[in-house]
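Asker: Submitted below is the structure of interest, expressed as C-alpha cells.
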Amino acid sequence: MASYHLSVKTIKRSAGRSVVAAAAYRVGERIECQREGRIHDYTRKQGIEETFIVAPTSAPAWAQDRSKLWNEAEASETRRNSVTGREWELALPSEISDEDRSQITRQFAEELVSRYGVAVDVAIHAPHREGDQRNHHAHVLTSTRKLEAEGFTAKTRMLDSAKTGGVEIEQMRGVWAELQNRALERVGEVERVDHRSLEAQRVAAQERGDTLSAEELDRDPELKLGPAANSMERRAQAAAEREGREYVPVTERGAVVHAARQARAAFRDMRERLELARETYGTAREEGQGRVSAGLAALRAATSKERGARASDDIKERLAQITGRDQDGSERGGQSDEEPKRSAQERLREALDKDHGAERDAGVEEGEKPSIRERLDDVLNKPREKLEIEEPEKDREVENEREIDREIDRDPGLSH
C-alpha cells in the first residue's frame, strides 16, 4: 500500500557538514571540496538508479556541472555556521513504474525551482538489497540561495523564517502528495496518500461521517525504530521467513511497531469487508433481489474468507453462489416447477435461527454479540464513499556511520 513520507533537513557547517560531501554521497560520485581541500569519493556506492540537476532557465552553464555547482554554493557562504544546503527526502510509491517515479520526482524538483529559484540536485535510490523492497526513495538536494545568471544571490528566507518556513514546507508536502496520487490514479491504484497529520485526517473523517476511519486514525504516530532496532528486526523477519514460522519482534520498539501495524491491518480488512458487502448489496438490488435477500448476501460476502476481485462480474458470480441462483436468475439444485419455493421471510427466519443457535453453541450470552439484524442495519446505513488510511512510513535505509564520520557527512535518513 502506498505510504507518504517527505522530510526536510539542512546541511550545516556548524555540524561539521559540507554540501559538496552530501552531494557526492547522494549521487555516488567523486567530488573535490575546494573549501576543505578534501576529495569525497563514493563511486563504489550502489543502488543509485538515476541522478539529474534541475536549475532555473537563467542559470549559468556551469550549473549542470555537479562539482562546480556545489563548490560555488559553498563559496557563496562566508559564515562559520552557514546553512549551505537543504535536503528533501521523498518516499516513492512502489506501485508505479521506474519511469513514473522519475517523472514525479522531476516534477517536484521543477516545482522547487519555480517556487524558490534554487538549484536542485536529484538522486533516486532503489531499495536496499537487504531491506524492504518497496522502499524506493529520492534525495533532493537544493541550494539555500537563488541561482541567477550571475551565480548564487539572495538567501531563500521564506524557508528559513520561523513564521513562513513551516507554511512553505506544508504546501510542498501537499504538492508531493498530489503528484503521487495522480501517478497512482494513472496506473489504476485505488489507494491514495495523505500529507496531513493524523489528527487532521481524523477530524475530516468525523466530518464526513466515516466513523471507522476516524477510530483508526485516533492514534499516535508510529514509533521510530532507529538504525540498531531496525537492523535487528529485519534479521528476525528474514530468519522467520527462512524457517517458515511467524515473525516475533525481538526488541521493545519492534513489538510496539508490530502491534500498531497489525491493528491497522485489521482495520483495513474490516474496511474491505464492508466495501464488499456494500457492492454485493447494490448488485443484488440491481438484479431485482429484495432488501432482505440482498442484505443476507451482503453479510455472507463480508464474512467470507475467500474474497476475490471486486469486478462486477465476480460480484455477480459470488452473489449467485451465495443466493443459490444461476446467472440467468434460475434456481439451483434442480428444483422442479411443482416444488414450492421458500419465501424470503422463511429464508430469513432460518438464517436468524441458525445464527442464534451458533451463538448458543459457542456459549455466547444474549446481549453480548450484535444480532444479524443489527449487523445488517449497520452495513446498510454506512456511507459508500471511499475511505483513506495513512500508512506508516516505510523503513528508511541508514548511511554507514563509520564512513560518514570519516567524510564528515552524518545523516540518519533514507540513504544507504
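By order in the C-alpha cells, chains are A, B, ...; within a chain, residues start at 1; ligands start at 1, following the order shown.
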Kindly provide the residues of segment 41-125 of chain A that approach segment 173-178 of chain A to within 9 Å, each paired with its closest atom pair and their distance in Å to one decimal, based on only C-alpha atoms, listed by chain and increasing number, as a tab-separated table.

Answerer:
residue	atom	partner	partner_atom	distance
A:Leu90	CA	A:Trp176	CA	8.4
A:Ile104	CA	A:Trp176	CA	8.3
A:Thr105	CA	A:Trp176	CA	8.7
A:Phe108	CA	A:Trp176	CA	6.6
A:Glu111	CA	A:Val175	CA	8.5

Asker: Got time to write the residues from that selection, N, CA, C and O atoms, as a compact mmCIF listing (two decimals), in the first residue's frame?

Answerer:
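Saved as again-v6.txt:
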# COMPACT_ATOMS: atom_id res chain seq x y z
N LEU A 90 12.18 12.00 -0.05
CA LEU A 90 10.88 11.62 -0.58
C LEU A 90 10.76 10.11 -0.67
O LEU A 90 11.65 9.44 -1.21
N ILE A 104 7.58 11.95 -11.56
CA ILE A 104 7.02 12.75 -10.48
C ILE A 104 8.12 13.40 -9.64
O ILE A 104 7.93 14.49 -9.10
N THR A 105 9.27 12.76 -9.54
CA THR A 105 10.39 13.37 -8.80
C THR A 105 10.91 14.59 -9.55
O THR A 105 11.21 15.63 -8.95
N PHE A 108 8.52 17.42 -9.05
CA PHE A 108 8.69 18.03 -7.74
C PHE A 108 9.91 18.95 -7.75
O PHE A 108 9.87 20.06 -7.20
N GLU A 111 9.11 22.12 -9.47
CA GLU A 111 8.28 22.98 -8.63
C GLU A 111 9.15 23.74 -7.63
O GLU A 111 8.91 24.93 -7.36

Asker: Report as a list in words all protein, DNA and RNA residues lying within 8 Å of segment 19-24 of chain A, evaluated on only C-alpha atoms, omitting residues in the same chain fewer than 5 positions from it.

Answerer: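 Counting only C-alpha atoms, the residues come to Ile11, Glu29, Arg30, Ile31, Glu32, Cys33, His40, Asp41, Tyr42, Ser67, Trp70, Asn71, Ala73, Glu74, Thr84, Gly85, Asp121, Leu141, Glu407, Ile408 and Asp409 of chain A.
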
Asker: Using only C-alpha atoms, which residue out of A:Leu6, A:Val140, A:Met172, A:Ala228 lies closest to Thr51 of chain A?

Answerer: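 Comparing A:Leu6, A:Val140, A:Met172, A:Ala228 against Thr51 of chain A, the winner is A:Val140.
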
Asker: If you measure from atom CA of Thr57 of chain A to atom CA of Ser114 of chain A, what distance in Å do you get, rounded to one decimal?

Answerer: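 Going from atom CA of Thr57 of chain A over to atom CA of Ser114 of chain A, I get 9.7 Å.
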
Asker: For each of A:Val187, A:Val193, A:Val120, A:Ile169, take the minimum atom-to-atom distance to Ser97 of chain A, counting only C-alpha atoms, then give the residue where this is smallest.

Answerer: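 Among A:Val187, A:Val193, A:Val120, A:Ile169, it is A:Val187 that comes nearest to Ser97 of chain A.
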
Asker: Quote the spacing between atom CA of Glu241 of chain A and atom CA of Ser3 of chain A in Å to one decimal place.

Answerer: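 Taking atom CA of Glu241 of chain A as the start and atom CA of Ser3 of chain A as the end point, the length is 23.7 Å.
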
Asker: Just to confirm, what's the straight-line distance from atom CA of Leu112 of chain A to atom CA of Gly151 of chain A in Å (one decimal)?

Answerer: 17.5 Å

Asker: Restricting the calculation to only C-alpha atoms: of A:Arg79, A:Arg264, A:Arg202, A:Arg26, which residue gets closest to Ile124 of chain A?

Answerer: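 Result for the nearest residue to Ile124 of chain A: A:Arg26.
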
Asker: My list of candidates is A:Gly47, A:Ala301, A:Ile53, A:Ala154. Which is closest to Arg66 of chain A when distances are computed with only C-alpha atoms?

Answerer: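 Nearest to Arg66 of chain A: A:Ile53.
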